[in-house]
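Have a look at the structure below, then the notes.
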2 protein chains.
Amino acid sequence: MASPGENLKINGDRLWESLMEMAKIGPGVAGGNNRQTVTDEDGEGRALFQSWCQAAGLSMGLDQMGNMFARREGTDPNALPVYVGSHLDTQPTGGKYDGVLGVLGGLEIIRTLNDLDIKTKHPIVVTNWTNEEGTRYAPAMLASGVFAGIHTQDWAYDRVDHDGKKFGDELARIGWRGDEEVGARKMHAFFELHIEQGPILEAEGKDIGVVTHGQGLSWTQVTIEGKDSHTGSTPMPMRKNAGLGMARVLEAVDQIAWSHAPDAVGAAGHIDVFPNSRNVIPGRVVFTVDFRSPDIAVIRDMENKLRVAASDICGQMGLSVSFEKVGGFDPVEFDEGCVTAVRSAAERLGYSHRDLISGAGHDACWINRVAPTAMVMCPCVDGLSHNEAEEISREWATAGADVLMHAVVETAEIVE
Amino acid sequence: MASPGENLKINGDRLWESLMEMAKIGPGVAGGNNRQTVTDEDGEGRALFQSWCQAAGLSMGLDQMGNMFARREGTDPNALPVYVGSHLDTQPTGGKYDGVLGVLGGLEIIRTLNDLDIKTKHPIVVTNWTNEEGTRYAPAMLASGVFAGIHTQDWAYDRVDHDGKKFGDELARIGWRGDEEVGARKMHAFFELHIEQGPILEAEGKDIGVVTHGQGLSWTQVTIEGKDSHTGSTPMPMRKNAGLGMARVLEAVDQIAWSHAPDAVGAAGHIDVFPNSRNVIPGRVVFTVDFRSPDIAVIRDMENKLRVAASDICGQMGLSVSFEKVGGFDPVEFDEGCVTAVRSAAERLGYSHRDLISGAGHDACWINRVAPTAMVMCPCVDGLSHNEAEEISREWATAGADVLMHAVVETAEIVE
């Protein structure tokens with residue numbers, strides 16, 4: 001299997017122009033995008049992508065979940081395709097790059113191979129996965145999840161948005177519900193380019209993140225019950241302050257996460273205090289502890305330590321505490337061969353790089369269950385994402401797509 | 001000045017029946033009351049009280065804030081009256097006793113004196129202060145505040161409820177806006193009986209609280225700014241977690257209050273976390289610290305310690321913090337002579353008692369600025385108040401009204 005030469009580069013200006021063209025569809029109010037899944041805007045974005053694929057000579061497949069598969073043929077009719085892509089849908093106040101870079105980076109690979117008349121043994125298929133964001137229809141990564149057998153298609157079709165509209169009906173309404181059976185395709189490999197959505201690469205001045213793992217996640221909803229009482233007329237020794245109990249548990253959460261440094265993280269983003277009145281000591285607090293680690297044993301250990309610490313803290317304060325597991329997924333270990341292909345590509349191209357653990361979920365995390373998979377990440381400004389102010393540089397996008405191309409083309413095998 | 005004999009007792013059954021009659025007006029949904037200020041229900045409650053006052057031979061005065069003054073004449077035409085009372089308005093989900101016990105306890109004194117044909121040198125005036133609760137029209141203790149010169153009447157009239165209706169207009173609409181100048185009356189003394197709204201008396205098995213002070217209050221709204229970021233993709237050392245900063249400040253608030261044990265208290269009842277999403281590290285938290293003490297120097301010390309501690313904590317965590325004083329009033333020291341009259345009355349009647357600091361605000365706290373004032377408190381079940389489940393026993397109400405009567409009658413001077 002021959003590696004492409006280090007002089008093989010994508011056209012960074014063309015990629016950037018396509019990103020800016022796509023960003024005109026479903027514009028946000030603050031410079032980003034609102035192109036939520038299975039809306040009219042999603043349909044418009046798909047049509048633009050399809051027109052670009054046709055112009056590049058690709059044939060388009062469409063499955064019953066609306067997943068798009070734009071195929072460039074290989075030289076070996078029996079070789080399984082190498083898939084590359086991400087998603088075109090955005091958050092309600094999303095950025096221009098989250099997901100889109102991965103799809104249009106895949107398209108840019110095809111355009112470059114066409115320009116240079118490079119053939120590969122394996123076909124290359126550029127993919128747009130439906131509803132990665134999960135904001136209009138929870139959960140996130142819905143269609144790649146059906147593809148990988150995580151969810152059934154009927155269940156996915158029955159997901160309902162805030163207006164009571166079903167996912168399956170809306171997918172048909174915008175005209176992107178295909179006939180192809182979901183998950184029937186077999187893949188030689190899958191590669192996804194994505195912005196980091198975290199601050200590490202930018203802070204360390206690295207061009208490329210070689211994603212070796214996806215963090216596992218555990219969400220524990222903690223409810224502490226004390227007693228509502230007057231902030232003035234309740235002496236300190238007679239208080240059952242659920243808010244103070246929460247404060248002590250949050251300190252414990254921080255210590256637990258640090259005890260598994262450097263890869264584990266922990267915090268509470270969701271906190272509701274009742275009755276939330278200035279002169280009533282909180283009688284009840286509900287908050288969700290988010291623990292993540294690439295090691296499932298560490299996640300289990302953090303969950304257990306939370307329960308022990310919170311029970312101790314609340315017991316000493318005369319508070320009661322209960323726990324509910326409200327979310328979670330296991331860590332992902334990406335395919336060693338695909339990860340090596342990404343790392344080697346960065347080396348060969350002379351881009352600075354480091355191994356990275358993805359903190360967020362991605363379509364690649366589900367596809368890894370059914371095909372050898374890896375991810376490439378590029379920096380984003382200030383780690384900001386899921387925000388219209390999300391920003392990357394043209395150079396970062398170019399480097400990411402260059403590495404993506406080299407990993408894809410090496411895996412698809414250049415025909416000399 | 002002769003003290004009344006220890007055999008002088010109010011009629012506990014009659015007092016209880018009046019409490020239950022009044023509770024029929026503006027019934028709540030859970031056994032309590034919704035008789036908010038200057039509503040039709042408030043008007044109905046006032047009319048019932050007025051009819052009882054007329055039946056007891058009292059003349060009714062009404063000032064421009066709707067404060068009611070039901071007068072029993074004394075034998076000395078030059079003697080200033082002794083005032084006694086509280087408020088008939090309730091919280092939206094209020095109890096049957098908060099305020100009402102103090103007004104109807106005052107009426108029961110008159111009924112008992114009438115029964116026994118006891119005359120006093122000073123007139124006795126039973127008072128219903130308008131809008132003590134402050135829920136429909138903030139602030140609390142509005143009309144006693146105007147009476148004591150804390151607020152101007154024009155400002156009070158212009159207070160607006162959630163529907164945009166002005167206090168002054170609504171007071172006129174229900175027919176209880178009088179002509180009398182507010183605050184023109186001079187008082188020999190003022191006594192208020194109230195349920196404790198705290199757990200101390202019940203926990204210690206005491207019948208009577210002799211209220212020596214009202215706690216001063218300081219509300220500091222604290223805003224901590226960190227940085228919203230993804231709970232998964234932000235490494236622990238790069239987080240600026242405003243929620244964790246809040247947790248540490250709440251621990252400091254607790255320590256600061258305990259450092260001034262036993263009378264000082266401190267807590268945060270109001271906590272808002274932004275954006276309050278399970279997978280976003282809080283970038284901003286706003287919460288209000290409530291400190292109280294009967295000693296103004298202690299309040300100032302706690303305020304200062306909060307600012308120093310929160311600035312230290314946030315500085316170490318890379319968070320910014322700002323402070324806004326959003327409420328406060330100075331501690332109240334009730335009149336020594338009136339307090340002694342209450343304590344002596346409890347002694348004489350053989351009721352167990354202890355000195356108490358009122359944690360909540362009361363009309364008596366404002367009237368203390370313009371007249372010698374004291375308060376009597378009786379226990380309430382579980383310290384619960386501002387809640388339809390608020391409860392007291394008939395015995396507690398009787399003991400409280402007995403002590404109130406002895407203090408009032410001793411101060412008004414029985415004519416032998």
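Naming works like this for the structure tokens: A, B, ... for the chains as they're shown, residue 1 at the start of each chain, ligands 1 onward in shown order.
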Spatial neighbours of range 155-165 of chain B, 10 Å, only C-alpha atoms, chain gap at least 6 places, as a ChimeraX atom specification
/B:64-65,135-139,142-143,145-146,171
Residue neighbourhood range 253-263 of chain A, 7 Å, only C-alpha atoms, exclusion window fewer than 6 positions, as number ranges by chain
A: 293, 302, 306
Chain B residues within 7 Å of chain A, counting only C-alpha atoms: which ones, as a compact mmCIF listing (two decimals) with C-alpha atoms, in the first residue's frame?
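The new file result_29.txt reads:
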```txt
# COMPACT_ATOMS: atom_id res chain seq x y z
CA GLN B 197 -42.09 31.62 61.88
CA GLY B 198 -39.06 29.75 63.16
CA PRO B 199 -38.42 26.51 65.06
CA THR B 231 -17.98 19.50 29.94
CA GLY B 232 -16.30 16.86 27.82
CA SER B 233 -13.67 18.61 25.76
CA THR B 234 -12.33 21.10 28.31
CA PRO B 235 -9.44 19.66 30.36
CA MET B 236 -9.64 20.24 34.13
CA LEU B 244 -17.43 25.52 41.41
CA ALA B 247 -19.73 26.26 45.72
CA ARG B 248 -16.59 27.53 47.44
CA LEU B 250 -21.21 29.16 49.74
CA GLU B 251 -18.87 27.24 52.05
CA VAL B 265 -27.04 33.57 60.26
CA ALA B 267 -27.07 31.40 53.50
CA ALA B 268 -27.96 31.76 49.83
CA GLY B 269 -31.56 30.96 48.93
CA HIS B 270 -31.41 32.33 45.38
CA ILE B 271 -29.02 30.68 42.91
CA VAL B 273 -26.72 29.09 36.92
CA ASN B 276 -27.78 25.63 33.06
CA SER B 277 -27.18 22.82 30.60
CA ARG B 278 -25.92 19.35 31.53
CA ASN B 279 -22.96 19.47 29.13
CA VAL B 280 -21.85 23.07 29.55
CA ILE B 281 -19.57 24.19 32.38
CA PRO B 282 -21.35 27.17 34.00
CA THR B 288 -27.83 36.25 46.73
CA ARG B 292 -28.60 38.60 59.43
CA SER B 358 -36.99 38.12 65.37
CA GLY B 359 -35.45 36.80 62.18
CA ALA B 360 -38.21 38.13 59.95
```
Which of range 199-407 of chain A fall in alpha helix (DSSP H), as a ChimeraX atom specification
/A:200-204,242-258,296-317,336-349,363-367,394-407
With DSSP run on the backbone, what are the strand (DSSP E or B) residues within range 303-341 of chain B? I'd like them as a list in words.
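Listing strand (DSSP E or B) positions across range 303-341 of chain B yields Ser320, Val321, Ser322, Phe323, Glu324, Lys325, Val326, Gly327, Gly328, Phe329, Val332 and Glu333 of chain B.
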For Asp89 in chain B, list every protein, DNA or RNA residue within 8 Å, evaluated using only C-alpha atoms, and leave out those in the same chain fewer than 3 positions away; present the list as number ranges by chain.
B: 35-37, 42, 99-100, 130-133
Selection: 7 Å around Thr223 in chain B, only C-alpha atoms, excl. self and same-chain fewer than 2 positions, as a ChimeraX atom specification
/B:221,225,285-287,321-323
Can you write just those residues out, all heavy atoms, as a compact mmCIF listing (two decimals), in the first residue's frame?
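So the final result, stored in result38.txt, reads:
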```txt
# COMPACT_ATOMS: atom_id res chain seq x y z
N GLN B 221 -25.93 40.46 46.27
CA GLN B 221 -26.02 39.62 45.08
C GLN B 221 -24.62 39.48 44.49
O GLN B 221 -23.94 40.46 44.22
CB GLN B 221 -26.97 40.24 44.05
CG GLN B 221 -27.17 39.34 42.84
CD GLN B 221 -28.29 39.86 41.95
OE1 GLN B 221 -29.46 39.83 42.29
NE2 GLN B 221 -27.92 40.35 40.80
N GLU B 225 -18.26 35.25 37.11
CA GLU B 225 -18.13 35.02 35.67
C GLU B 225 -16.93 34.13 35.42
O GLU B 225 -15.82 34.42 35.86
CB GLU B 225 -17.92 36.35 34.92
CG GLU B 225 -18.98 37.39 35.16
CD GLU B 225 -20.04 37.43 34.07
OE1 GLU B 225 -19.96 36.61 33.13
OE2 GLU B 225 -20.95 38.28 34.16
N VAL B 285 -22.72 32.52 37.25
CA VAL B 285 -23.62 32.17 38.34
C VAL B 285 -23.97 33.44 39.09
O VAL B 285 -23.09 34.27 39.34
CB VAL B 285 -22.98 31.14 39.30
CG1 VAL B 285 -23.90 30.83 40.45
CG2 VAL B 285 -22.63 29.86 38.56
N VAL B 286 -25.25 33.60 39.37
CA VAL B 286 -25.71 34.75 40.14
C VAL B 286 -26.44 34.22 41.36
O VAL B 286 -27.34 33.37 41.22
CB VAL B 286 -26.67 35.64 39.31
CG1 VAL B 286 -27.11 36.86 40.13
CG2 VAL B 286 -26.02 36.08 38.01
N PHE B 287 -26.04 34.65 42.53
CA PHE B 287 -26.72 34.18 43.74
C PHE B 287 -26.73 35.30 44.79
O PHE B 287 -25.95 36.25 44.70
CB PHE B 287 -26.08 32.91 44.29
CG PHE B 287 -24.61 33.00 44.62
CD1 PHE B 287 -24.19 33.09 45.93
CD2 PHE B 287 -23.66 32.97 43.61
CE1 PHE B 287 -22.84 33.17 46.24
CE2 PHE B 287 -22.30 33.06 43.91
CZ PHE B 287 -21.88 33.15 45.22
N VAL B 321 -15.47 38.28 39.83
CA VAL B 321 -16.61 38.33 40.75
C VAL B 321 -17.00 39.77 40.98
O VAL B 321 -16.15 40.66 41.02
CB VAL B 321 -16.28 37.62 42.09
CG1 VAL B 321 -15.11 38.29 42.80
CG2 VAL B 321 -17.49 37.54 43.00
N SER B 322 -18.32 40.01 41.06
CA SER B 322 -18.79 41.36 41.40
C SER B 322 -19.91 41.24 42.42
O SER B 322 -20.54 40.19 42.56
CB SER B 322 -19.27 42.09 40.14
OG SER B 322 -20.32 41.38 39.53
N PHE B 323 -20.15 42.34 43.12
CA PHE B 323 -21.08 42.33 44.24
C PHE B 323 -22.05 43.49 44.09
O PHE B 323 -21.65 44.58 43.70
CB PHE B 323 -20.32 42.52 45.56
CG PHE B 323 -19.20 41.54 45.77
CD1 PHE B 323 -17.90 41.88 45.40
CD2 PHE B 323 -19.43 40.29 46.30
CE1 PHE B 323 -16.86 40.99 45.57
CE2 PHE B 323 -18.39 39.39 46.48
CZ PHE B 323 -17.10 39.74 46.10
```
Contacts of range 411-413 of chain B within 12 Å, only C-alpha atoms, excl. fewer than 5 positions in-chain, as a ChimeraX atom specification
/B:1-4,72-76,79-84,109,113,118-125,187-191,337-342,344-345,372-374,404-406
Leaving out Asp63 in chain B and any residue of its chain fewer than 6 positions from it, which residues lie within 9 Å of it when counting only C-alpha atoms, given as an mmCIF file with N, CA and C atoms, in the first residue's frame?
```
data_model
loop_
_atom_site.group_PDB
_atom_site.id
_atom_site.type_symbol
_atom_site.label_atom_id
_atom_site.label_comp_id
_atom_site.auth_asym_id
_atom_site.auth_seq_id
_atom_site.Cartn_x
_atom_site.Cartn_y
_atom_site.Cartn_z
ATOM 1 N N PHE B 69 -57.778 51.541 62.585
ATOM 2 C CA PHE B 69 -57.504 51.845 63.992
ATOM 3 C C PHE B 69 -58.813 51.768 64.780
ATOM 4 N N TRP B 176 -61.228 51.070 50.840
ATOM 5 C CA TRP B 176 -60.576 51.191 52.142
ATOM 6 C C TRP B 176 -59.456 52.231 52.135
ATOM 7 N N ARG B 177 -59.582 53.249 51.255
ATOM 8 C CA ARG B 177 -58.646 54.362 51.304
ATOM 9 C C ARG B 177 -59.300 55.466 52.108
ATOM 10 N N GLY B 178 -58.790 55.707 53.314
ATOM 11 C CA GLY B 178 -59.410 56.681 54.212
ATOM 12 C C GLY B 178 -58.885 58.089 53.975
ATOM 13 N N ASP B 179 -59.330 59.019 54.847
ATOM 14 C CA ASP B 179 -58.942 60.423 54.704
ATOM 15 C C ASP B 179 -57.825 60.818 55.666
ATOM 16 N N GLU B 180 -57.676 60.056 56.711
ATOM 17 C CA GLU B 180 -56.773 60.458 57.792
ATOM 18 C C GLU B 180 -55.317 60.483 57.317
ATOM 19 N N GLU B 181 -54.598 61.518 57.718
ATOM 20 C CA GLU B 181 -53.173 61.644 57.382
ATOM 21 C C GLU B 181 -52.395 60.476 58.005
ATOM 22 N N VAL B 182 -51.509 59.904 57.216
ATOM 23 C CA VAL B 182 -50.770 58.719 57.681
ATOM 24 C C VAL B 182 -49.623 59.155 58.594
ATOM 25 N N GLY B 183 -49.532 58.537 59.769
ATOM 26 C CA GLY B 183 -48.421 58.805 60.690
ATOM 27 C C GLY B 183 -48.675 59.964 61.629
#
```
Let me make sure I understand: among B:Val103, B:Val376, B:Val370, B:Val211, which one has the smallest atom-to-atom distance to Ile150 in chain B if we use only C-alpha atoms?
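Once distances to Ile150 in chain B are computed over only C-alpha atoms, the minimum belongs to B:Val370.
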By how many Å are CA of Ala23 in chain A and CA of Ile208 in chain A apart?
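Separation of CA of Ala23 in chain A and CA of Ile208 in chain A: 23.6 Å.
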Hey, which of A:Arg343, A:Arg348, A:His194, A:Arg307 ends up closest to Tyr97 in chain A? Count only C-alpha atoms.
A:His194
Using only C-alpha atoms, find the one residue out of A:Asn304, A:Gln153, A:Ser393, A:Ser320 that sits nearest to Asp207 in chain A.
A:Ser393
Which residues, written as a ChimeraX atom specification, have at least one atom at most 9 Å from Ile25 in chain A, with only C-alpha atoms counted and residues fewer than 5 positions away on the same chain left out?
/A:33-35,41-42,44-45
